[in-house]
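Colleague: Quick one, data.cif (mmCIF, C-alpha atoms):
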data_work
#
loop_
_atom_site.label_atom_id
_atom_site.label_comp_id
_atom_site.auth_asym_id
_atom_site.auth_seq_id
_atom_site.Cartn_x
_atom_site.Cartn_y
_atom_site.Cartn_z
CA MET A 25 -27.45 26.40 -152.36
CA SER A 26 -28.87 26.38 -155.91
CA TYR A 27 -28.63 22.57 -155.98
CA GLN A 28 -30.95 22.25 -152.97
CA PHE A 29 -33.29 24.83 -154.49
CA GLU A 30 -33.36 22.85 -157.74
CA LEU A 31 -34.29 19.67 -155.85
CA ALA A 32 -37.13 21.49 -154.07
CA LEU A 33 -38.31 22.94 -157.40
CA ARG A 34 -38.30 19.54 -159.10
CA GLN A 35 -40.27 17.98 -156.20
CA TYR A 36 -42.77 20.85 -156.40
CA ILE A 37 -43.15 20.49 -160.18
CA ALA A 38 -43.69 16.72 -159.77
CA ALA A 39 -46.98 17.54 -158.01
CA PHE A 40 -48.27 19.10 -161.25
CA ASP A 41 -48.57 15.87 -163.23
CA GLY A 42 -52.11 16.58 -164.44
CA ASN A 43 -53.73 14.02 -162.12
CA ASN A 44 -54.21 16.07 -158.93
CA ASN A 45 -53.34 13.03 -156.80
CA ILE A 46 -51.38 14.82 -154.05
CA SER A 47 -52.87 15.67 -150.67
CA PRO A 48 -53.29 19.37 -149.74
CA ALA A 49 -50.95 18.91 -146.76
CA LYS A 50 -48.20 17.44 -148.94
CA PHE A 51 -48.67 20.21 -151.51
CA GLN A 52 -48.43 22.83 -148.74
CA THR A 53 -45.18 21.22 -147.50
CA ARG A 54 -43.63 21.31 -150.98
CA PHE A 55 -44.75 24.93 -151.40
CA ASP A 56 -43.21 25.86 -148.02
CA ASN A 57 -39.93 24.14 -148.95
CA LEU A 58 -39.71 26.13 -152.20
CA TYR A 59 -40.89 29.62 -151.24
CA HIS A 60 -39.47 31.87 -148.50
CA LYS A 61 -41.92 33.35 -145.97
CA ASN A 62 -41.30 36.84 -147.48
CA PHE A 63 -41.66 35.71 -151.10
CA THR A 64 -42.93 38.20 -153.70
CA PHE A 65 -43.81 37.60 -157.34
CA LEU A 66 -43.77 40.31 -160.02
CA SER A 67 -45.85 39.35 -163.06
CA LYS A 68 -45.06 40.56 -166.58
CA ASP A 69 -48.02 42.96 -166.46
CA GLY A 70 -46.57 44.68 -163.36
CA LYS A 71 -48.74 43.18 -160.61
CA THR A 72 -46.98 42.18 -157.40
CA LEU A 73 -48.29 39.07 -155.66
CA THR A 74 -47.62 38.02 -152.09
CA ARG A 75 -46.76 34.48 -151.02
CA GLU A 76 -50.39 33.75 -150.02
CA GLU A 77 -51.71 34.98 -153.38
CA VAL A 78 -49.19 32.81 -155.21
CA TYR A 79 -50.23 29.79 -153.11
CA GLU A 80 -53.91 30.32 -153.98
CA ARG A 81 -53.06 30.66 -157.68
CA GLU A 82 -50.88 27.52 -157.65
CA ALA A 83 -53.51 25.53 -155.72
CA ARG A 84 -56.08 26.45 -158.40
CA LYS A 85 -53.68 25.27 -161.11
CA LEU A 86 -53.20 21.99 -159.26
CA ALA A 87 -56.96 21.52 -158.84
CA ASN A 88 -57.53 22.23 -162.55
CA GLY A 89 -55.14 19.43 -163.52
CA THR A 90 -52.38 21.60 -164.95
CA LYS A 91 -49.30 19.69 -166.07
CA VAL A 92 -45.96 21.50 -165.58
CA THR A 93 -42.62 20.54 -167.12
CA LEU A 94 -39.22 22.11 -166.50
CA ILE A 95 -37.81 23.40 -169.80
CA HIS A 96 -34.63 24.93 -168.41
CA PHE A 97 -32.95 25.79 -165.12
CA ARG A 98 -29.91 28.07 -165.44
CA LYS A 99 -27.83 29.73 -162.78
CA ILE A 100 -27.21 33.31 -163.97
CA GLY A 101 -25.69 34.83 -160.84
CA LEU A 102 -24.53 34.13 -157.34
CA ASP A 103 -28.08 33.53 -156.14
CA CYS A 104 -30.11 34.19 -159.27
CA ILE A 105 -31.76 31.46 -161.37
CA ASP A 106 -33.38 31.63 -164.83
CA ILE A 107 -36.27 29.15 -164.96
CA LYS A 108 -38.53 28.29 -167.89
CA LEU A 109 -41.62 26.13 -167.33
CA GLY A 110 -44.04 24.59 -169.80
CA LEU A 111 -47.69 24.55 -168.69
CA VAL A 112 -50.41 22.39 -170.25
CA ASN A 113 -54.04 22.65 -169.14
CA GLY A 114 -56.49 20.79 -171.33
CA GLY A 115 -55.59 21.75 -174.89
CA GLU A 116 -53.99 25.06 -173.92
CA GLU A 117 -50.21 25.10 -173.82
CA HIS A 118 -47.81 27.95 -172.99
CA ALA A 119 -44.41 28.65 -171.46
CA VAL A 120 -43.52 30.85 -168.49
CA ARG A 121 -40.05 32.26 -167.90
CA LEU A 122 -38.97 33.47 -164.46
CA VAL A 123 -35.89 35.04 -162.97
CA THR A 124 -35.74 34.00 -159.32
CA THR A 125 -33.53 35.21 -156.50
CA ILE A 126 -32.88 32.60 -153.81
CA THR A 127 -31.66 32.79 -150.25
CA ALA A 128 -31.35 30.02 -147.66
CA LYS A 129 -32.37 27.44 -150.32
CA GLN A 130 -35.73 29.16 -150.99
CA ALA A 131 -37.11 31.60 -153.55
CA VAL A 132 -37.39 35.15 -152.21
CA THR A 133 -38.38 37.05 -155.35
CA SER A 134 -39.47 35.97 -158.80
CA LYS A 135 -40.00 38.13 -161.85
CA GLU A 136 -41.93 36.86 -164.84
CA ILE A 137 -40.21 37.68 -168.15
CA ASP A 138 -42.26 38.66 -171.19
CA GLU A 139 -40.85 36.75 -174.17
CA SER A 140 -43.43 37.90 -176.70
CA PRO A 141 -42.09 39.31 -179.99
CA GLU A 142 -43.82 42.64 -179.33
CA ALA A 143 -41.97 43.04 -176.04
CA ASN A 144 -38.52 42.05 -177.28
CA PHE A 145 -38.33 43.21 -180.88
CA TRP A 146 -36.10 46.21 -181.57
CA SER A 147 -37.43 48.42 -184.35
CA PRO A 148 -37.70 52.23 -184.69
CA GLU A 149 -41.40 51.82 -185.61
CA LEU A 150 -42.10 49.90 -182.40
CA THR A 151 -40.36 52.16 -179.89
CA THR A 152 -43.62 52.76 -178.03
CA LYS A 153 -44.09 49.00 -177.55
CA LEU A 154 -40.46 48.29 -176.74
CA MET A 155 -39.80 46.70 -173.38
CA VAL A 156 -36.39 45.64 -172.24
CA ILE A 157 -36.08 42.45 -170.23
CA GLY A 158 -34.82 43.46 -166.82
CA ALA A 159 -33.59 40.68 -164.63
CA ASP A 160 -32.91 42.45 -161.38
CA CYS A 161 -31.07 40.18 -158.99
CA LYS A 162 -30.94 41.62 -155.52
CA SER A 163 -28.07 39.43 -154.41
CA VAL A 164 -26.25 42.01 -152.30
CA VAL A 165 -29.20 42.74 -150.00
CA TYR A 166 -30.01 39.08 -149.42
CA LYS A 167 -26.37 38.10 -148.96
CA TRP A 168 -26.05 40.60 -146.09
CA LYS A 169 -28.96 38.83 -144.39
CA GLU A 170 -27.19 35.49 -144.74
CA PHE A 171 -23.75 36.69 -143.63
CA GLY A 172 -22.74 34.97 -140.45
CA THR A 173 -25.59 32.46 -140.47
CA PHE A 174 -23.57 29.58 -141.89
CA GLN A 175 -20.39 27.96 -140.56
CA THR A 176 -18.43 28.74 -143.73
CA ASN A 177 -18.80 32.53 -143.44
CA MET A 178 -15.85 34.35 -141.95
#
Output the file's structure in the form of structure tokens.
Modeller:
Amino acid sequence: MSYQFELALRQYIAAFDGNNNISPAKFQTRFDNLYHKNFTFLSKDGKTLTREEVYEREARKLANGTKVTLIHFRKIGLDCIDIKLGLVNGGEEHAVRLVTTITAKQAVTSKEIDESPEANFWSPELTTKLMVIGADCKSVVYKWKEFGTFQTNM
């Protein structure tokens, strides 16, 4: 299942080559192949975005000529993936790290991880700024939805 998700992710990322030479219909198809209809995104500042809001944000990035590269793709659970992407727009360059839960070969939830030193540095002086990275994989709930839908389930 994660292999098919990785293929869909790599095809989606290929659209962000900085040239904006993909048709809106083809971009919509790649988006639909990657994200589940009930997809939610939790940003590092605590805002929750729906699938439609994520699509609008990604379409703006595509229109602005953002170039995206896959830095790493690691399976960290039964249906949980750690993804790190590099984004370049003009001269501005930064990395985004996500923990994504997948079901039926599509992303259902993604949580953006704050990798800043202020958020991940342990010091008694910085206890008010301390944030612990929480990668919450909701595999049990989504696995119950999938149970019995595939031929290999007993």
Colleague: List every protein, DNA or RNA residue that has at least one atom no more than 12 Å from (-58.2, 25.4, -162.6) in the file's coordinates, counting all atoms listed in the file, and write the result as a list in words.
Modeller: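 Final list of nearby residues, as requested, is Phe40, Gly42, Asn44, Glu80, Arg81, Glu82, Ala83, Arg84, Lys85, Leu86, Ala87, Asn88, Gly89, Thr90, Lys91, Val112, Asn113 and Gly114 of chain A.
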Colleague: Report as a PyMOL selection string the residues that result from applying the PyMOL selection byres ((chain A and resi 135) around 12) to the structure here.
Modeller: chain A and resi 63-73+104-108+120-125+131-134+136-138+157-162
Colleague: Can you spell out as JSON, numbers by chain the set of residues that the PyMOL selection byres ((chain A and resi 110) around 6) selects in the structure I just provided?
Modeller: {"A": [92, 93, 109, 111, 118, 119]}
Colleague: Any idea what the distance is between CA of Gly101 (chain A) and CA of Ile37 (chain A)?
Modeller: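 Those two atoms sit 22.6 Å apart.
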Colleague: Which residue, A:Glu30, A:Glu116, A:Glu76, A:Glu139, has the smallest gap to Asp56 (chain A) when you use all atoms listed in the file?
Modeller: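 Going through A:Glu30, A:Glu116, A:Glu76, A:Glu139 one by one, the smallest distance to Asp56 (chain A) is for A:Glu76.
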Colleague: Which residue is closest to Ala38 (chain A)? Choose from A:Arg54, A:Lys129, A:Arg98, A:Arg75 and count only C-alpha atoms.
Modeller: A:Arg54
Colleague: Tell me which of A:Ile95, A:Leu102, A:Leu33, A:Val78 sits closest to Asn62 (chain A), counting all atoms listed in the file.
Modeller: A:Val78
Colleague: For Phe29 (chain A), list every protein, DNA or RNA residue within 8 Å, evaluated using all atoms listed in the file, and leave out those in the same chain fewer than 2 positions away; present the list as a PDB file with C-alpha atoms, in the frame of the given file.
Modeller:
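Writing the result to out28.pdb gives the following:
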ATOM      1  CA  MET A  25     -27.450  26.400-152.360  1.00  0.00           C
ATOM      2  CA  SER A  26     -28.870  26.380-155.910  1.00  0.00           C
ATOM      3  CA  TYR A  27     -28.630  22.570-155.980  1.00  0.00           C
ATOM      4  CA  LEU A  31     -34.290  19.670-155.850  1.00  0.00           C
ATOM      5  CA  ALA A  32     -37.130  21.490-154.070  1.00  0.00           C
ATOM      6  CA  LEU A  33     -38.310  22.940-157.400  1.00  0.00           C
ATOM      7  CA  LEU A  58     -39.710  26.130-152.200  1.00  0.00           C
ATOM      8  CA  ILE A 126     -32.880  32.600-153.810  1.00  0.00           C
ATOM      9  CA  LYS A 129     -32.370  27.440-150.320  1.00  0.00           C
ATOM     10  CA  GLN A 130     -35.730  29.160-150.990  1.00  0.00           C
ATOM     11  CA  ALA A 131     -37.110  31.600-153.550  1.00  0.00           C
TER      12      ALA A 131
END
Colleague: Between CA of Thr127 (chain A) and CA of Ala39 (chain A), what is the distance, to one decimal in Å?
Modeller: 23.0 Å
Colleague: Could you jot down the CA of Ile100 (chain A) to CA of Thr53 (chain A) separation for me, Å, one decimal place?
Modeller: 27.2 Å
